[in-house]
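Engineer: Next up, protein.cif (mmCIF, N, CA and C atoms).
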```cif
data_target
#
loop_
_atom_site.group_PDB
_atom_site.id
_atom_site.type_symbol
_atom_site.label_atom_id
_atom_site.label_comp_id
_atom_site.auth_asym_id
_atom_site.auth_seq_id
_atom_site.Cartn_x
_atom_site.Cartn_y
_atom_site.Cartn_z
ATOM 1 N N MET W 1 7.583 34.853 -25.797
ATOM 2 C CA MET W 1 6.373 34.210 -25.336
ATOM 3 C C MET W 1 6.524 32.683 -25.399
ATOM 4 N N LYS W 2 7.102 32.207 -26.495
ATOM 5 C CA LYS W 2 7.286 30.774 -26.669
ATOM 6 C C LYS W 2 8.212 30.214 -25.592
ATOM 7 N N GLN W 3 9.264 30.976 -25.262
ATOM 8 C CA GLN W 3 10.195 30.547 -24.229
ATOM 9 C C GLN W 3 9.510 30.517 -22.859
ATOM 10 N N LEU W 4 8.628 31.475 -22.621
ATOM 11 C CA LEU W 4 7.908 31.539 -21.360
ATOM 12 C C LEU W 4 7.003 30.326 -21.204
ATOM 13 N N LEU W 5 6.301 29.944 -22.267
ATOM 14 C CA LEU W 5 5.442 28.760 -22.213
ATOM 15 C C LEU W 5 6.258 27.492 -21.992
ATOM 16 N N SER W 6 7.395 27.414 -22.640
ATOM 17 C CA SER W 6 8.261 26.255 -22.442
ATOM 18 C C SER W 6 8.763 26.195 -21.005
ATOM 19 N N LEU W 7 9.109 27.328 -20.454
ATOM 20 C CA LEU W 7 9.576 27.391 -19.073
ATOM 21 C C LEU W 7 8.472 26.990 -18.102
ATOM 22 N N VAL W 8 7.257 27.455 -18.329
ATOM 23 C CA VAL W 8 6.115 27.105 -17.477
ATOM 24 C C VAL W 8 5.822 25.606 -17.581
ATOM 25 N N ALA W 9 5.864 25.073 -18.784
ATOM 26 C CA ALA W 9 5.616 23.642 -18.958
ATOM 27 C C ALA W 9 6.688 22.814 -18.253
ATOM 28 N N LEU W 10 7.919 23.223 -18.360
ATOM 29 C CA LEU W 10 9.014 22.518 -17.700
ATOM 30 C C LEU W 10 8.882 22.599 -16.181
ATOM 31 N N ALA W 11 8.531 23.758 -15.657
ATOM 32 C CA ALA W 11 8.355 23.928 -14.206
ATOM 33 C C ALA W 11 7.191 23.078 -13.709
ATOM 34 N N THR W 12 6.115 23.030 -14.466
ATOM 35 C CA THR W 12 4.962 22.211 -14.090
ATOM 36 C C THR W 12 5.337 20.740 -14.058
ATOM 37 N N LEU W 13 6.043 20.287 -15.057
ATOM 38 C CA LEU W 13 6.495 18.895 -15.103
ATOM 39 C C LEU W 13 7.397 18.570 -13.911
ATOM 40 N N PHE W 14 8.287 19.476 -13.593
ATOM 41 C CA PHE W 14 9.176 19.278 -12.449
ATOM 42 C C PHE W 14 8.381 19.172 -11.154
ATOM 43 N N LEU W 15 7.420 20.070 -10.951
ATOM 44 C CA LEU W 15 6.620 20.053 -9.729
ATOM 45 C C LEU W 15 5.782 18.790 -9.611
ATOM 46 N N VAL W 16 5.215 18.344 -10.700
ATOM 47 C CA VAL W 16 4.395 17.132 -10.680
ATOM 48 C C VAL W 16 5.240 15.914 -10.316
ATOM 49 N N THR W 17 6.414 15.797 -10.903
ATOM 50 C CA THR W 17 7.253 14.639 -10.603
ATOM 51 C C THR W 17 7.867 14.736 -9.214
ATOM 52 N N ALA W 18 8.196 15.917 -8.771
ATOM 53 C CA ALA W 18 8.805 16.080 -7.443
ATOM 54 C C ALA W 18 7.795 15.829 -6.332
ATOM 55 N N CYS W 19 6.572 16.229 -6.511
ATOM 56 C CA CYS W 19 5.562 16.080 -5.471
ATOM 57 C C CYS W 19 4.933 14.692 -5.452
ATOM 58 N N GLY W 20 5.090 13.936 -6.495
ATOM 59 C CA GLY W 20 4.454 12.631 -6.568
ATOM 60 C C GLY W 20 5.204 11.537 -5.835
ATOM 61 N N GLY W 21 6.300 11.871 -5.150
ATOM 62 C CA GLY W 21 7.128 10.860 -4.535
ATOM 63 C C GLY W 21 6.785 10.505 -3.101
ATOM 64 N N GLU W 22 5.737 11.051 -2.541
ATOM 65 C CA GLU W 22 5.398 10.773 -1.152
ATOM 66 C C GLU W 22 4.841 9.365 -1.027
ATOM 67 N N LYS W 23 5.313 8.663 -0.002
ATOM 68 C CA LYS W 23 4.911 7.275 0.201
ATOM 69 C C LYS W 23 3.710 7.187 1.122
ATOM 70 N N SER W 24 2.923 6.161 0.906
ATOM 71 C CA SER W 24 1.820 5.860 1.816
ATOM 72 C C SER W 24 2.398 5.334 3.123
ATOM 73 N N PRO W 25 1.611 5.304 4.197
ATOM 74 C CA PRO W 25 2.110 4.727 5.455
ATOM 75 C C PRO W 25 2.566 3.278 5.288
ATOM 76 N N GLU W 26 1.856 2.514 4.484
ATOM 77 C CA GLU W 26 2.228 1.122 4.240
ATOM 78 C C GLU W 26 3.560 1.024 3.516
ATOM 79 N N GLU W 27 3.750 1.884 2.507
ATOM 80 C CA GLU W 27 5.004 1.870 1.749
ATOM 81 C C GLU W 27 6.179 2.311 2.616
ATOM 82 N N GLN W 28 5.965 3.308 3.476
ATOM 83 C CA GLN W 28 7.039 3.767 4.350
ATOM 84 C C GLN W 28 7.414 2.687 5.359
ATOM 85 N N PHE W 29 6.405 2.017 5.905
ATOM 86 C CA PHE W 29 6.663 0.912 6.822
ATOM 87 C C PHE W 29 7.451 -0.188 6.103
ATOM 88 N N ALA W 30 7.031 -0.516 4.893
ATOM 89 C CA ALA W 30 7.700 -1.576 4.130
ATOM 90 C C ALA W 30 9.162 -1.216 3.867
ATOM 91 N N THR W 31 9.430 0.027 3.536
ATOM 92 C CA THR W 31 10.809 0.468 3.311
ATOM 93 C C THR W 31 11.639 0.294 4.576
ATOM 94 N N ASP W 32 11.110 0.769 5.699
ATOM 95 C CA ASP W 32 11.831 0.645 6.969
ATOM 96 C C ASP W 32 11.990 -0.820 7.369
ATOM 97 N N PHE W 33 10.943 -1.600 7.169
ATOM 98 C CA PHE W 33 10.968 -3.020 7.500
ATOM 99 C C PHE W 33 12.042 -3.733 6.677
ATOM 100 N N CYS W 34 12.072 -3.473 5.399
ATOM 101 C CA CYS W 34 13.032 -4.147 4.516
ATOM 102 C C CYS W 34 14.463 -3.702 4.793
ATOM 103 N N ASP W 35 14.642 -2.427 5.111
ATOM 104 C CA ASP W 35 15.979 -1.939 5.460
ATOM 105 C C ASP W 35 16.503 -2.644 6.705
ATOM 106 N N CYS W 36 15.621 -2.937 7.633
ATOM 107 C CA CYS W 36 16.004 -3.622 8.866
ATOM 108 C C CYS W 36 16.134 -5.124 8.652
ATOM 109 N N MET W 37 15.113 -5.720 8.102
ATOM 110 C CA MET W 37 15.049 -7.177 8.045
ATOM 111 C C MET W 37 15.897 -7.781 6.930
ATOM 112 N N GLY W 38 16.186 -7.041 5.886
ATOM 113 C CA GLY W 38 17.001 -7.567 4.793
ATOM 114 C C GLY W 38 18.336 -8.119 5.275
ATOM 115 N N PRO W 39 19.136 -7.306 5.996
ATOM 116 C CA PRO W 39 20.407 -7.831 6.504
ATOM 117 C C PRO W 39 20.224 -8.969 7.512
ATOM 118 N N LEU W 40 19.165 -8.930 8.296
ATOM 119 C CA LEU W 40 18.903 -10.009 9.246
ATOM 120 C C LEU W 40 18.606 -11.317 8.541
ATOM 121 N N VAL W 41 17.771 -11.247 7.518
ATOM 122 C CA VAL W 41 17.423 -12.454 6.761
ATOM 123 C C VAL W 41 18.662 -13.001 6.050
ATOM 124 N N GLU W 42 19.454 -12.117 5.490
ATOM 125 C CA GLU W 42 20.678 -12.545 4.806
ATOM 126 C C GLU W 42 21.616 -13.270 5.782
ATOM 127 N N LEU W 43 21.802 -12.703 6.964
ATOM 128 C CA LEU W 43 22.653 -13.331 7.967
ATOM 129 C C LEU W 43 22.060 -14.653 8.439
ATOM 130 N N GLN W 44 20.759 -14.674 8.635
ATOM 131 C CA GLN W 44 20.088 -15.907 9.062
ATOM 132 C C GLN W 44 20.273 -17.012 8.020
ATOM 133 N N GLN W 45 20.147 -16.674 6.751
ATOM 134 C CA GLN W 45 20.343 -17.659 5.689
ATOM 135 C C GLN W 45 21.784 -18.178 5.679
ATOM 136 N N GLU W 46 22.747 -17.268 5.867
ATOM 137 C CA GLU W 46 24.151 -17.682 5.914
ATOM 138 C C GLU W 46 24.388 -18.628 7.085
ATOM 139 N N MET W 47 23.777 -18.340 8.219
ATOM 140 C CA MET W 47 23.938 -19.180 9.403
ATOM 141 C C MET W 47 23.284 -20.550 9.193
ATOM 142 N N MET W 48 22.174 -20.576 8.499
ATOM 143 C CA MET W 48 21.497 -21.841 8.224
ATOM 144 C C MET W 48 22.315 -22.677 7.234
ATOM 145 N N ASP W 49 22.970 -22.010 6.304
ATOM 146 C CA ASP W 49 23.788 -22.706 5.311
ATOM 147 C C ASP W 49 25.088 -23.240 5.903
ATOM 148 N N ASN W 50 25.536 -22.619 6.982
ATOM 149 C CA ASN W 50 26.807 -23.012 7.595
ATOM 150 C C ASN W 50 26.631 -23.112 9.115
ATOM 151 N N PRO W 51 25.979 -24.174 9.592
ATOM 152 C CA PRO W 51 25.670 -24.305 11.021
ATOM 153 C C PRO W 51 26.900 -24.280 11.928
ATOM 154 N N GLU W 52 28.063 -24.669 11.418
ATOM 155 C CA GLU W 52 29.264 -24.666 12.243
ATOM 156 C C GLU W 52 29.613 -23.247 12.705
ATOM 157 N N GLU W 53 29.323 -22.270 11.873
ATOM 158 C CA GLU W 53 29.634 -20.879 12.190
ATOM 159 C C GLU W 53 28.504 -20.184 12.937
ATOM 160 N N ALA W 54 27.361 -20.797 13.023
ATOM 161 C CA ALA W 54 26.176 -20.137 13.557
ATOM 162 C C ALA W 54 26.396 -19.578 14.958
ATOM 163 N N MET W 55 26.955 -20.363 15.843
ATOM 164 C CA MET W 55 27.139 -19.910 17.217
ATOM 165 C C MET W 55 28.096 -18.723 17.300
ATOM 166 N N SER W 56 29.124 -18.737 16.467
ATOM 167 C CA SER W 56 30.090 -17.637 16.506
ATOM 168 C C SER W 56 29.513 -16.335 15.946
ATOM 169 N N ARG W 57 28.401 -16.415 15.247
ATOM 170 C CA ARG W 57 27.805 -15.223 14.635
ATOM 171 C C ARG W 57 26.565 -14.735 15.382
ATOM 172 N N MET W 58 26.257 -15.351 16.523
ATOM 173 C CA MET W 58 25.075 -14.948 17.274
ATOM 174 C C MET W 58 25.159 -13.491 17.736
ATOM 175 N N GLY W 59 26.334 -13.040 18.122
ATOM 176 C CA GLY W 59 26.506 -11.642 18.526
ATOM 177 C C GLY W 59 26.200 -10.690 17.388
ATOM 178 N N GLU W 60 26.633 -11.055 16.210
ATOM 179 C CA GLU W 60 26.356 -10.243 15.015
ATOM 180 C C GLU W 60 24.857 -10.196 14.745
ATOM 181 N N LEU W 61 24.200 -11.337 14.912
ATOM 182 C CA LEU W 61 22.756 -11.399 14.699
ATOM 183 C C LEU W 61 22.024 -10.523 15.718
ATOM 184 N N GLU W 62 22.428 -10.610 16.968
ATOM 185 C CA GLU W 62 21.804 -9.793 18.009
ATOM 186 C C GLU W 62 22.001 -8.306 17.741
ATOM 187 N N GLU W 63 23.177 -7.933 17.288
ATOM 188 C CA GLU W 63 23.458 -6.527 16.991
ATOM 189 C C GLU W 63 22.563 -6.018 15.859
ATOM 190 N N LYS W 64 22.430 -6.822 14.813
ATOM 191 C CA LYS W 64 21.595 -6.423 13.679
ATOM 192 C C LYS W 64 20.111 -6.423 14.036
ATOM 193 N N ALA W 65 19.732 -7.213 15.028
ATOM 194 C CA ALA W 65 18.323 -7.326 15.405
ATOM 195 C C ALA W 65 17.825 -6.116 16.187
ATOM 196 N N LYS W 66 18.716 -5.249 16.623
ATOM 197 C CA LYS W 66 18.299 -4.058 17.379
ATOM 198 C C LYS W 66 17.337 -3.187 16.575
ATOM 199 N N CYS W 67 17.489 -3.188 15.279
ATOM 200 C CA CYS W 67 16.603 -2.370 14.454
ATOM 201 C C CYS W 67 15.160 -2.858 14.537
ATOM 202 N N ALA W 68 14.967 -4.142 14.810
ATOM 203 C CA ALA W 68 13.610 -4.672 14.925
ATOM 204 C C ALA W 68 12.891 -4.054 16.122
ATOM 205 N N ASP W 69 13.605 -3.852 17.219
ATOM 206 C CA ASP W 69 13.011 -3.192 18.384
ATOM 207 C C ASP W 69 12.644 -1.751 18.053
ATOM 208 N N GLU W 70 13.524 -1.077 17.329
ATOM 209 C CA GLU W 70 13.262 0.305 16.923
ATOM 210 C C GLU W 70 12.064 0.371 15.977
ATOM 211 N N LEU W 71 11.985 -0.582 15.083
ATOM 212 C CA LEU W 71 10.869 -0.656 14.136
ATOM 213 C C LEU W 71 9.556 -0.864 14.876
ATOM 214 N N GLU W 72 9.564 -1.777 15.832
ATOM 215 C CA GLU W 72 8.358 -2.041 16.610
ATOM 216 C C GLU W 72 7.933 -0.800 17.391
ATOM 217 N N ALA W 73 8.879 -0.122 18.004
ATOM 218 C CA ALA W 73 8.555 1.083 18.770
ATOM 219 C C ALA W 73 7.986 2.176 17.856
ATOM 220 N N LYS W 74 8.549 2.312 16.688
ATOM 221 C CA LYS W 74 8.114 3.360 15.759
ATOM 222 C C LYS W 74 6.708 3.102 15.204
ATOM 223 N N TYR W 75 6.396 1.837 14.913
ATOM 224 C CA TYR W 75 5.148 1.521 14.208
ATOM 225 C C TYR W 75 4.119 0.762 15.054
ATOM 226 N N LYS W 76 4.364 0.571 16.332
ATOM 227 C CA LYS W 76 3.483 -0.243 17.182
ATOM 228 C C LYS W 76 2.029 0.229 17.102
ATOM 229 N N ASP W 77 1.796 1.523 17.249
ATOM 230 C CA ASP W 77 0.422 2.040 17.236
ATOM 231 C C ASP W 77 -0.208 1.959 15.851
ATOM 232 N N GLU W 78 0.591 2.179 14.833
ATOM 233 C CA GLU W 78 0.080 2.193 13.461
ATOM 234 C C GLU W 78 -0.200 0.789 12.923
ATOM 235 N N VAL W 79 0.721 -0.141 13.174
ATOM 236 C CA VAL W 79 0.639 -1.474 12.581
ATOM 237 C C VAL W 79 0.027 -2.487 13.545
ATOM 238 N N GLY W 80 0.304 -2.343 14.820
ATOM 239 C CA GLY W 80 -0.203 -3.300 15.804
ATOM 240 C C GLY W 80 0.654 -4.552 15.853
ATOM 241 N N ASP W 81 0.117 -5.581 16.465
ATOM 242 C CA ASP W 81 0.859 -6.834 16.625
ATOM 243 C C ASP W 81 0.961 -7.629 15.332
ATOM 244 N N GLU W 82 -0.046 -7.535 14.498
ATOM 245 C CA GLU W 82 -0.090 -8.290 13.236
ATOM 246 C C GLU W 82 -0.378 -7.322 12.095
ATOM 247 N N PRO W 83 0.560 -7.154 11.144
ATOM 248 C CA PRO W 83 0.324 -6.235 10.026
ATOM 249 C C PRO W 83 -0.885 -6.658 9.194
ATOM 250 N N SER W 84 -1.651 -5.678 8.751
ATOM 251 C CA SER W 84 -2.784 -5.953 7.870
ATOM 252 C C SER W 84 -2.270 -6.426 6.511
ATOM 253 N N GLN W 85 -3.175 -6.892 5.701
ATOM 254 C CA GLN W 85 -2.793 -7.380 4.368
ATOM 255 C C GLN W 85 -2.166 -6.269 3.530
ATOM 256 N N ALA W 86 -2.621 -5.033 3.718
ATOM 257 C CA ALA W 86 -2.044 -3.907 2.965
ATOM 258 C C ALA W 86 -0.563 -3.726 3.302
ATOM 259 N N TYR W 87 -0.224 -3.880 4.573
ATOM 260 C CA TYR W 87 1.178 -3.775 4.981
ATOM 261 C C TYR W 87 1.981 -4.953 4.432
ATOM 262 N N LYS W 88 1.413 -6.132 4.494
ATOM 263 C CA LYS W 88 2.099 -7.317 3.968
ATOM 264 C C LYS W 88 2.334 -7.184 2.465
ATOM 265 N N ASP W 89 1.333 -6.679 1.755
ATOM 266 C CA ASP W 89 1.476 -6.483 0.312
ATOM 267 C C ASP W 89 2.583 -5.467 0.004
ATOM 268 N N ALA W 90 2.667 -4.424 0.817
ATOM 269 C CA ALA W 90 3.706 -3.416 0.609
ATOM 270 C C ALA W 90 5.092 -4.019 0.865
ATOM 271 N N ILE W 91 5.210 -4.857 1.883
ATOM 272 C CA ILE W 91 6.483 -5.531 2.167
ATOM 273 C C ILE W 91 6.851 -6.453 1.008
ATOM 274 N N LYS W 92 5.865 -7.202 0.538
ATOM 275 C CA LYS W 92 6.102 -8.137 -0.567
ATOM 276 C C LYS W 92 6.578 -7.400 -1.820
ATOM 277 N N ALA W 93 6.032 -6.215 -2.062
ATOM 278 C CA ALA W 93 6.430 -5.424 -3.230
ATOM 279 C C ALA W 93 7.823 -4.815 -3.036
ATOM 280 N N GLU W 94 8.136 -4.400 -1.820
ATOM 281 C CA GLU W 94 9.405 -3.724 -1.530
ATOM 282 C C GLU W 94 10.582 -4.703 -1.474
ATOM 283 N N CYS W 95 10.384 -5.850 -0.833
ATOM 284 C CA CYS W 95 11.485 -6.816 -0.691
ATOM 285 C C CYS W 95 10.918 -8.241 -0.738
ATOM 286 N N PRO W 96 10.622 -8.710 -1.936
ATOM 287 C CA PRO W 96 9.999 -10.031 -2.080
ATOM 288 C C PRO W 96 10.829 -11.179 -1.506
ATOM 289 N N ASP W 97 12.149 -11.059 -1.545
ATOM 290 C CA ASP W 97 12.994 -12.123 -0.996
ATOM 291 C C ASP W 97 12.859 -12.224 0.518
ATOM 292 N N VAL W 98 12.803 -11.094 1.193
ATOM 293 C CA VAL W 98 12.609 -11.083 2.649
ATOM 294 C C VAL W 98 11.224 -11.611 2.984
ATOM 295 N N TYR W 99 10.232 -11.159 2.232
ATOM 296 C CA TYR W 99 8.860 -11.615 2.457
ATOM 297 C C TYR W 99 8.771 -13.133 2.306
ATOM 298 N N ALA W 100 9.364 -13.656 1.247
ATOM 299 C CA ALA W 100 9.312 -15.107 0.998
ATOM 300 C C ALA W 100 10.009 -15.876 2.117
ATOM 301 N N PHE W 101 11.160 -15.395 2.554
ATOM 302 C CA PHE W 101 11.887 -16.062 3.635
ATOM 303 C C PHE W 101 11.035 -16.095 4.903
ATOM 304 N N MET W 102 10.407 -14.986 5.199
ATOM 305 C CA MET W 102 9.600 -14.917 6.420
ATOM 306 C C MET W 102 8.346 -15.783 6.306
ATOM 307 N N GLU W 103 7.781 -15.841 5.132
ATOM 308 C CA GLU W 103 6.621 -16.711 4.909
ATOM 309 C C GLU W 103 7.005 -18.173 5.135
ATOM 310 N N GLU W 104 8.138 -18.561 4.578
ATOM 311 C CA GLU W 104 8.609 -19.932 4.693
ATOM 312 C C GLU W 104 8.939 -20.315 6.133
ATOM 313 N N ASN W 105 9.316 -19.318 6.930
ATOM 314 C CA ASN W 105 9.738 -19.578 8.293
ATOM 315 C C ASN W 105 8.725 -19.119 9.333
ATOM 316 N N GLY W 106 7.484 -18.939 8.905
ATOM 317 C CA GLY W 106 6.395 -18.625 9.824
ATOM 318 C C GLY W 106 6.390 -17.220 10.385
ATOM 319 N N GLY W 107 7.045 -16.306 9.716
ATOM 320 C CA GLY W 107 7.147 -14.948 10.250
ATOM 321 C C GLY W 107 6.191 -13.926 9.689
ATOM 322 N N MET W 108 5.360 -14.269 8.739
ATOM 323 C CA MET W 108 4.437 -13.280 8.157
ATOM 324 C C MET W 108 3.028 -13.644 8.449
#
```
Could you show the structure in this file as structure tokens?
Structural biologist:
Amino acid sequence: MKQLLSLVALATLFLVTACGGEKSPEEQFATDFCDCMGPLVELQQEMMDNPEEAMSRMGELEEKAKCADELEAKYKDEVGDEPSQAYKDAIKAECPDVYAFMEENGGM
């Protein structure tokens, strides 16, 4: 009986932790946004730090920017042209460095 109760308690704990991982729409958008924009921001910063190389890396930037079109197509109806504060807060929590870069450069 004691083993059965321990097994039930363990199964309940597993189910609670496994089911609690679903993201809100804002959190899912932020994850996708950060996955896309993180490498873009990193490349943009490198190009700004080394302007001599900037022109030679434009193709790389364009290639990485394709995800932004996919992101817009996926979330256009949900997010619209300007993300609400809830979406911005989720982005800020998910990737604060990307958020800060975009804020500084007029992108948020």
Engineer: If we count all atoms listed in the file and set the cut-off at 7 Å, which residues sit around region 88-105 of chain W, ignoring sequence neighbours fewer than 2 positions away in its own chain? Please answer as a ChimeraX atom specification.
Structural biologist: /W:26-27,29-31,34,37-38,41,83-86,107-108
Engineer: Pick out the residues sitting within 8 Å of region 56-68 of chain W, and hand them over as an MDAnalysis selection string; count all atoms listed in the file, and ignore anything fewer than 5 positions along from it in its own chain.
Structural biologist: chainID W and resid 35:37 39:40 43:44 47 51 73:74
Engineer: How about saving the chosen residues, N, CA and C atoms kept, as a PDB file, in the frame of the given file?
Structural biologist:
```pdb
ATOM      1  N   ASP W  35      14.642  -2.427   5.111  1.00  0.00           N
ATOM      2  CA  ASP W  35      15.979  -1.939   5.460  1.00  0.00           C
ATOM      3  C   ASP W  35      16.503  -2.644   6.705  1.00  0.00           C
ATOM      4  N   CYS W  36      15.621  -2.937   7.633  1.00  0.00           N
ATOM      5  CA  CYS W  36      16.004  -3.622   8.866  1.00  0.00           C
ATOM      6  C   CYS W  36      16.134  -5.124   8.652  1.00  0.00           C
ATOM      7  N   MET W  37      15.113  -5.720   8.102  1.00  0.00           N
ATOM      8  CA  MET W  37      15.049  -7.177   8.045  1.00  0.00           C
ATOM      9  C   MET W  37      15.897  -7.781   6.930  1.00  0.00           C
ATOM     10  N   PRO W  39      19.136  -7.306   5.996  1.00  0.00           N
ATOM     11  CA  PRO W  39      20.407  -7.831   6.504  1.00  0.00           C
ATOM     12  C   PRO W  39      20.224  -8.969   7.512  1.00  0.00           C
ATOM     13  N   LEU W  40      19.165  -8.930   8.296  1.00  0.00           N
ATOM     14  CA  LEU W  40      18.903 -10.009   9.246  1.00  0.00           C
ATOM     15  C   LEU W  40      18.606 -11.317   8.541  1.00  0.00           C
ATOM     16  N   LEU W  43      21.802 -12.703   6.964  1.00  0.00           N
ATOM     17  CA  LEU W  43      22.653 -13.331   7.967  1.00  0.00           C
ATOM     18  C   LEU W  43      22.060 -14.653   8.439  1.00  0.00           C
ATOM     19  N   GLN W  44      20.759 -14.674   8.635  1.00  0.00           N
ATOM     20  CA  GLN W  44      20.088 -15.907   9.062  1.00  0.00           C
ATOM     21  C   GLN W  44      20.273 -17.012   8.020  1.00  0.00           C
ATOM     22  N   MET W  47      23.777 -18.340   8.219  1.00  0.00           N
ATOM     23  CA  MET W  47      23.938 -19.180   9.403  1.00  0.00           C
ATOM     24  C   MET W  47      23.284 -20.550   9.193  1.00  0.00           C
ATOM     25  N   PRO W  51      25.979 -24.174   9.592  1.00  0.00           N
ATOM     26  CA  PRO W  51      25.670 -24.305  11.021  1.00  0.00           C
ATOM     27  C   PRO W  51      26.900 -24.280  11.928  1.00  0.00           C
ATOM     28  N   ALA W  73       8.879  -0.122  18.004  1.00  0.00           N
ATOM     29  CA  ALA W  73       8.555   1.083  18.770  1.00  0.00           C
ATOM     30  C   ALA W  73       7.986   2.176  17.856  1.00  0.00           C
ATOM     31  N   LYS W  74       8.549   2.312  16.688  1.00  0.00           N
ATOM     32  CA  LYS W  74       8.114   3.360  15.759  1.00  0.00           C
ATOM     33  C   LYS W  74       6.708   3.102  15.204  1.00  0.00           C
TER      34      LYS W  74
END
```
Engineer: So what do you get for CA of Asp81 (chain W) versus CA of Gln45 (chain W), distance-wise?
Structural biologist: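 Separation between CA of Asp81 (chain W) and CA of Gln45 (chain W): 24.8 Å.
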Engineer: Kindly give the distance, in Å, that separates atom N of Asp32 (chain W) and atom C of Ala54 (chain W), rounded to a single decimal.
Structural biologist: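 Answer for the atom N of Asp32 (chain W) to atom C of Ala54 (chain W) separation: 27.1 Å.
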Engineer: Please, what is the axis-aligned box for every listed atom of region 98-102 of chain W with 4 Å on each side, as centre and edge lengths in Å to one decimal, as lines of an AutoDock Vina configuration file?
Structural biologist:
```
center_x = 10.6
center_y = -13.6
center_z = 3.7
size_x = 12.5
size_y = 13.0
size_z = 13.4
```
Engineer: Which distance in Å separates CA of Gly80 (chain W) and CA of Gly106 (chain W), to one decimal?
Structural biologist: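 The value is 17.7 Å.
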